[in-house]
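Right, one structure below, let's go through it.
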Amino acid sequence: MSRFWNKLVATLDPYVPGEQPRIQNLVKLNTNEHPYGPSPKVLAAIAAHTNDSLRLYPDPTALVLRQAIAKRFALTPDHVFVGNGSDEVLGHVFHALLKQDAPVWFPDITYSFYPVYCGLYQIQFRAIPLDEHFKIAVTDYLPGSVGATTAAVPAGTSASDAGRAGGIIFPNPNAPTGCANPLAEVERIIAANPDIVVVVDEAYVDFGAQTAAALIEKYPNLLVVHTLSKSRSLAGLRVGYALGHPDLIQGLDRVKNSFNSYPLDNLALAGATAAIEDEAYFETSRNAVIRTRNALTAGLQNLGFEVLPSAANFVFARHPSHKGADLAAGLRAKNILVRHFNKPRIADFLRITVGTDEECAQLLTACRELVGQ
């Protein structure tokens with residue numbers, strides 16, 4: 001710890017991203033990257049740029065990209081906010097919308113960046129346990145519920161604030177479990193909390209869940225967050241966006257323009273627009289992942305694994321006779337990387353990205369050897 005750090009920096013517990021190693025002949029199934037490349041139209045759009053693409057600043061409003069996204073969801077550009085990956089978008093969401101007098105609520109097993117943002121922006125939060133099936137229990141997010149357990153409420157919080165939500169955020173499908181809630185259940189949470197912002201983080205929605213974007217015109221308190229890293233195969237381009245009532249979008253813009261007016265460069269804007277517009281490639285590639293996911297699930301179940309129902313581009317699985325850490329280490333020794341979370345309730349689970357058919361076959365062969373079948 002440096003003596004030059006401020007007091008807040010010394011208390012931060014930063015997010016730890018999935019390992020990005022440089023190992024030859026590696027089967028990399030630990031960071032939920034798309035197994036296939038982006039649309040050829042993305043590469044063409046990037047390649048078509050000229051000297052001015054780097055000499056000049058990009059459009060700070062990202063209007064062309066926002067128009068393409070708005071068109072896809074039958075909204076207007078005023079309903080769309082874009083940023084440098086959905087992580088940056090979420091960071092602005094926590095800062096602009098979720099920092100309230102009362103704690104923000106989110107699941108106890110979920111995207112681990114949420115508590116990191118709370119630490120960075122000094123936001124109170126409460127973690128609500130998933131149910132026994134590792135799913136979000138809708139009733140726990142309704143006003144007056146008793147399902148929330150305090151995970152971190154700073155000193156000085158009033159009893160009235162500690163018992164109510166200042167905002168709600170949850171992924172659908174959830175991460176790292178992959179479980180999704182039907183749209184009707186998501187709407188119950190939104191409708192029951194009209195006086196606070198409800199953020200639905202839909203990073204994996206395109207692989208089997210229903211988007212809440214269709215509810216935006218009905219609920220001004222709803223914000224939906226998407227990324228192009230997963231189903232659009234653009235993790236290396238860093239583009240994410242939020243959809244919501246223009247009042248919410250304006251709040252995000254105020255924070256963004258107080259931090260970085262140019263979060264997306266010209267190449268990212270061009271590539272992201274092309275990806276959004278190529279619906280045919282999007283459908284083909286995401287359906288390929290879904291087919292492989294179903295085959296991977298069946299293969300793991302045949303080896304005795306319990307696999308949670310996944311609507312994402314990964315599966316969450318555990319074996320009753322083997323510790324998760326031991327399986328992860330055994331797979332790594334065979335040059336196969338998966339993600340292991342050493343956390344309560346999920347320490348024996350592995351999060352396994354859906355790779356190509358060949359990569360998943362290699363994984364299943366290695367698992368068969370490790371579990372002795």
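By convention here, the chains of the structure tokens are called A, B, ... in the order presented, each chain's residues are numbered starting at 1, and ligands are numbered starting at 1 in the order presented.
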Asn84 (chain A) surroundings by only C-alpha atoms, 9 Å radius, close-in-sequence under 5 positions cut, as a PDB file with N, CA and C atoms, in the first residue's frame:
```
ATOM      1  N   VAL A  89     -20.639   1.067 -18.999  1.00  0.00           N
ATOM      2  CA  VAL A  89     -22.040   1.481 -18.912  1.00  0.00           C
ATOM      3  C   VAL A  89     -22.572   1.222 -17.505  1.00  0.00           C
ATOM      4  N   LEU A 237     -13.614  -5.347 -29.015  1.00  0.00           N
ATOM      5  CA  LEU A 237     -13.934  -4.010 -29.502  1.00  0.00           C
ATOM      6  C   LEU A 237     -14.432  -3.098 -28.397  1.00  0.00           C
ATOM      7  N   ARG A 238     -14.976  -3.665 -27.316  1.00  0.00           N
ATOM      8  CA  ARG A 238     -15.429  -2.947 -26.138  1.00  0.00           C
ATOM      9  C   ARG A 238     -16.563  -1.976 -26.437  1.00  0.00           C
ATOM     10  N   VAL A 239     -17.752  -2.525 -26.646  1.00  0.00           N
ATOM     11  CA  VAL A 239     -18.948  -1.711 -26.872  1.00  0.00           C
ATOM     12  C   VAL A 239     -20.101  -2.290 -26.073  1.00  0.00           C
ATOM     13  N   GLY A 240     -20.767  -1.450 -25.302  1.00  0.00           N
ATOM     14  CA  GLY A 240     -21.986  -1.833 -24.590  1.00  0.00           C
ATOM     15  C   GLY A 240     -22.981  -0.699 -24.688  1.00  0.00           C
ATOM     16  N   TYR A 241     -24.223  -0.987 -24.314  1.00  0.00           N
ATOM     17  CA  TYR A 241     -25.236   0.072 -24.385  1.00  0.00           C
ATOM     18  C   TYR A 241     -26.338  -0.177 -23.369  1.00  0.00           C
ATOM     19  N   PRO A 263     -15.845   7.905 -25.336  1.00  0.00           N
ATOM     20  CA  PRO A 263     -15.531   6.541 -24.886  1.00  0.00           C
ATOM     21  C   PRO A 263     -15.393   5.524 -26.017  1.00  0.00           C
ATOM     22  N   LEU A 264     -15.988   5.807 -27.190  1.00  0.00           N
ATOM     23  CA  LEU A 264     -15.909   4.874 -28.318  1.00  0.00           C
ATOM     24  C   LEU A 264     -15.167   5.537 -29.479  1.00  0.00           C
TER      25      LEU A 264
END
```
Fewer than 4 positions away in the same chain doesn't count, so skip those; otherwise give me all residues within 10 Å of Phe113 (chain A), counting only C-alpha atoms, as a PDB file with C-alpha atoms, in the first residue's frame.
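Output contents, as saved in around05.pdb:
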```
ATOM      1  CA  PRO A  14     -11.141  -4.690  -7.327  1.00  0.00           C
ATOM      2  CA  TYR A  15     -12.855  -6.977  -9.806  1.00  0.00           C
ATOM      3  CA  VAL A  16     -10.711  -9.897 -10.956  1.00  0.00           C
ATOM      4  CA  PRO A  17     -11.263 -10.657 -14.667  1.00  0.00           C
ATOM      5  CA  ASP A  87     -18.792  -2.652 -17.715  1.00  0.00           C
ATOM      6  CA  LEU A  90     -22.756  -0.288 -15.624  1.00  0.00           C
ATOM      7  CA  GLY A  91     -20.199   1.870 -13.847  1.00  0.00           C
ATOM      8  CA  TYR A 117     -18.822  -0.557  -8.071  1.00  0.00           C
ATOM      9  CA  CYS A 118     -20.490  -0.129  -4.700  1.00  0.00           C
ATOM     10  CA  GLY A 119     -17.080   0.050  -3.065  1.00  0.00           C
TER      11      GLY A 119
END
```
- prompt: Taking into account only C-alpha atoms, which residue in the set A:Thr353, A:Val198, A:Leu267, A:Arg345 is nearest to Ala47 (chain A)?
  reply: A:Leu267
message: As an exercise, work out the distance from CA of Val200 (chain A) to CA of Phe94 (chain A) in Å and give it to one decimal place.
response: 12.6 Å
task: Have a look at CA of Val307 (chain A) and CA of His133 (chain A) and let me know their distance in Å, one decimal.
output: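 These atoms are spaced 11.2 Å apart.
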task: Please report, as a ChimeraX atom specification, each residue of region 98-310 of chain A to which DSSP assigns helix (DSSP H, G or I) when run on this structure's backbone.
output: /A:98,113-121,138-141,159-162,183-192,205-207,213-215,246-256,266-277,279-302
- prompt: If you count only C-alpha atoms, which residues fall within 10 Å of Cys367 (chain A), apart from same-chain ones fewer than 6 positions away, as JSON, numbers by chain?
  reply: {"A": [299, 300, 303, 305, 327, 328, 330, 331, 361, 373]}
Go through region 285-347 of chain A residue by residue and, counting only C-alpha atoms, keep those with an atom at most 7 Å from region 176-185 of chain A; for each kept residue give the shortest atom pair and its distance in Å to one decimal, ordered by chain and increasing number, as JSON lines.
```
{"residue": "A:Leu308", "atom": "CA", "partner": "A:Thr177", "partner_atom": "CA", "distance": 6.9}
{"residue": "A:Pro309", "atom": "CA", "partner": "A:Cys179", "partner_atom": "CA", "distance": 5.8}
{"residue": "A:Ser310", "atom": "CA", "partner": "A:Gly178", "partner_atom": "CA", "distance": 4.5}
{"residue": "A:Ala311", "atom": "CA", "partner": "A:Gly178", "partner_atom": "CA", "distance": 5.7}
{"residue": "A:Ala312", "atom": "CA", "partner": "A:Gly178", "partner_atom": "CA", "distance": 5.3}
{"residue": "A:Phe314", "atom": "CA", "partner": "A:Gly178", "partner_atom": "CA", "distance": 6.9}
{"residue": "A:Val315", "atom": "CA", "partner": "A:Gly178", "partner_atom": "CA", "distance": 6.4}
{"residue": "A:Phe316", "atom": "CA", "partner": "A:Thr177", "partner_atom": "CA", "distance": 5.5}
```
query: Of the candidates A:Leu364, A:Ile346, A:Met1, A:Ala275, which one gets nearest to Ala295 (chain A) if we count only C-alpha atoms?
result: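 Checking each of A:Leu364, A:Ile346, A:Met1, A:Ala275 against Ala295 (chain A), counting only C-alpha atoms, the winner is A:Leu364.
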task: Give me the residues within 9 Å of Ala191 (chain A) as a ChimeraX atom specification, counting only C-alpha atoms and dropping any in the same chain fewer than 4 places off.
output: /A:186-187,219,221
query: Neighbours of region 33-35 of chain A within 12 Å (only C-alpha atoms; same-chain residues fewer than 4 positions away dropped), as a VMD selection string?
result: chain A and resid 18 20 27 to 29 39 203 to 204 207 227 to 236 282 285 to 290 292 to 293 312 to 314 338 352 to 360
I need the chosen residues saved as a PDB file, in the first residue's frame, with C-alpha atoms.
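Below is the file that was written, again.pdb:
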```pdb
ATOM      1  CA  GLY A  18     -10.929 -14.107 -16.147  1.00  0.00           C
ATOM      2  CA  GLN A  20      -6.067 -14.253 -20.366  1.00  0.00           C
ATOM      3  CA  VAL A  27      -8.685 -24.618 -24.926  1.00  0.00           C
ATOM      4  CA  LYS A  28      -9.896 -21.364 -23.398  1.00  0.00           C
ATOM      5  CA  LEU A  29     -13.336 -21.769 -21.862  1.00  0.00           C
ATOM      6  CA  SER A  39     -19.776 -10.709 -38.827  1.00  0.00           C
ATOM      7  CA  ALA A 203     -25.303  -9.513 -21.203  1.00  0.00           C
ATOM      8  CA  TYR A 204     -26.354 -13.066 -22.117  1.00  0.00           C
ATOM      9  CA  PHE A 207     -28.688 -17.099 -25.896  1.00  0.00           C
ATOM     10  CA  THR A 227     -23.075  -5.837 -24.514  1.00  0.00           C
ATOM     11  CA  LEU A 228     -21.671  -6.661 -27.941  1.00  0.00           C
ATOM     12  CA  SER A 229     -18.982  -8.827 -26.327  1.00  0.00           C
ATOM     13  CA  LYS A 230     -21.035 -12.005 -26.164  1.00  0.00           C
ATOM     14  CA  SER A 231     -23.594 -12.697 -28.889  1.00  0.00           C
ATOM     15  CA  ARG A 232     -21.985 -10.245 -31.350  1.00  0.00           C
ATOM     16  CA  SER A 233     -18.494 -11.712 -30.805  1.00  0.00           C
ATOM     17  CA  LEU A 234     -16.911  -8.304 -30.185  1.00  0.00           C
ATOM     18  CA  ALA A 235     -15.286  -8.668 -26.762  1.00  0.00           C
ATOM     19  CA  GLY A 236     -12.125  -7.089 -28.181  1.00  0.00           C
ATOM     20  CA  PHE A 282     -26.238 -12.724 -35.521  1.00  0.00           C
ATOM     21  CA  SER A 285     -23.909 -17.595 -34.878  1.00  0.00           C
ATOM     22  CA  ARG A 286     -25.977 -17.428 -31.701  1.00  0.00           C
ATOM     23  CA  ASN A 287     -28.011 -20.478 -32.721  1.00  0.00           C
ATOM     24  CA  ALA A 288     -24.769 -22.378 -33.300  1.00  0.00           C
ATOM     25  CA  VAL A 289     -23.745 -21.602 -29.716  1.00  0.00           C
ATOM     26  CA  ILE A 290     -27.132 -22.702 -28.383  1.00  0.00           C
ATOM     27  CA  THR A 292     -23.411 -26.672 -28.833  1.00  0.00           C
ATOM     28  CA  ARG A 293     -24.514 -25.641 -25.331  1.00  0.00           C
ATOM     29  CA  ALA A 312     -26.347 -18.116 -21.569  1.00  0.00           C
ATOM     30  CA  ASN A 313     -23.253 -18.990 -23.601  1.00  0.00           C
ATOM     31  CA  PHE A 314     -21.843 -20.956 -20.690  1.00  0.00           C
ATOM     32  CA  VAL A 338     -12.586 -22.985 -17.060  1.00  0.00           C
ATOM     33  CA  ILE A 352     -17.654 -23.471 -18.596  1.00  0.00           C
ATOM     34  CA  THR A 353     -17.859 -21.288 -21.685  1.00  0.00           C
ATOM     35  CA  VAL A 354     -19.493 -22.868 -24.722  1.00  0.00           C
ATOM     36  CA  GLY A 355     -16.676 -23.188 -27.243  1.00  0.00           C
ATOM     37  CA  THR A 356     -16.616 -24.801 -30.650  1.00  0.00           C
ATOM     38  CA  ASP A 357     -17.880 -28.356 -31.014  1.00  0.00           C
ATOM     39  CA  GLU A 358     -14.256 -29.530 -31.111  1.00  0.00           C
ATOM     40  CA  GLU A 359     -13.301 -27.617 -27.948  1.00  0.00           C
ATOM     41  CA  CYS A 360     -16.300 -28.953 -26.059  1.00  0.00           C
TER      42      CYS A 360
END
```
message: If DSSP is run on the backbone, what residues of region 296-365 of chain A are strand (DSSP E)? A reply as a PyMOL selection string would be ideal.
response: chain A and resi 306-307+314-318+336-337+339-340+350-353
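Among the candidates A:Ala268, A:Ala127, A:Ala298, A:Leu337, the one nearest to Val104 (chain A) when counting only C-alpha atoms is A:Ala127.
Near region 255-260 of chain A, within 8 Å and counting only C-alpha atoms, sit His92, His95, Ala96, Gly251, Leu252, Asp253, Tyr262 and Pro263 of chain A; same-chain residues fewer than 2 positions away were not included.
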message: Here is a test: counting only C-alpha atoms, which residue of A:Pro103, A:Pro173, A:Tyr114, A:Ala280 is nearest to Ile136 (chain A)?
response: A:Pro173
task: Write out as a list in words which residues come within 10 Å of Leu63 (chain A) when counting only C-alpha atoms, dropping same-chain ones fewer than 3 positions away.
output: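 Non-adjacent residues within range: Asp59, Pro60, Arg66, Gln67, Ala68, Ile69, Pro77, Asp78, Val80, Phe81, Val82 and Leu269 of chain A.
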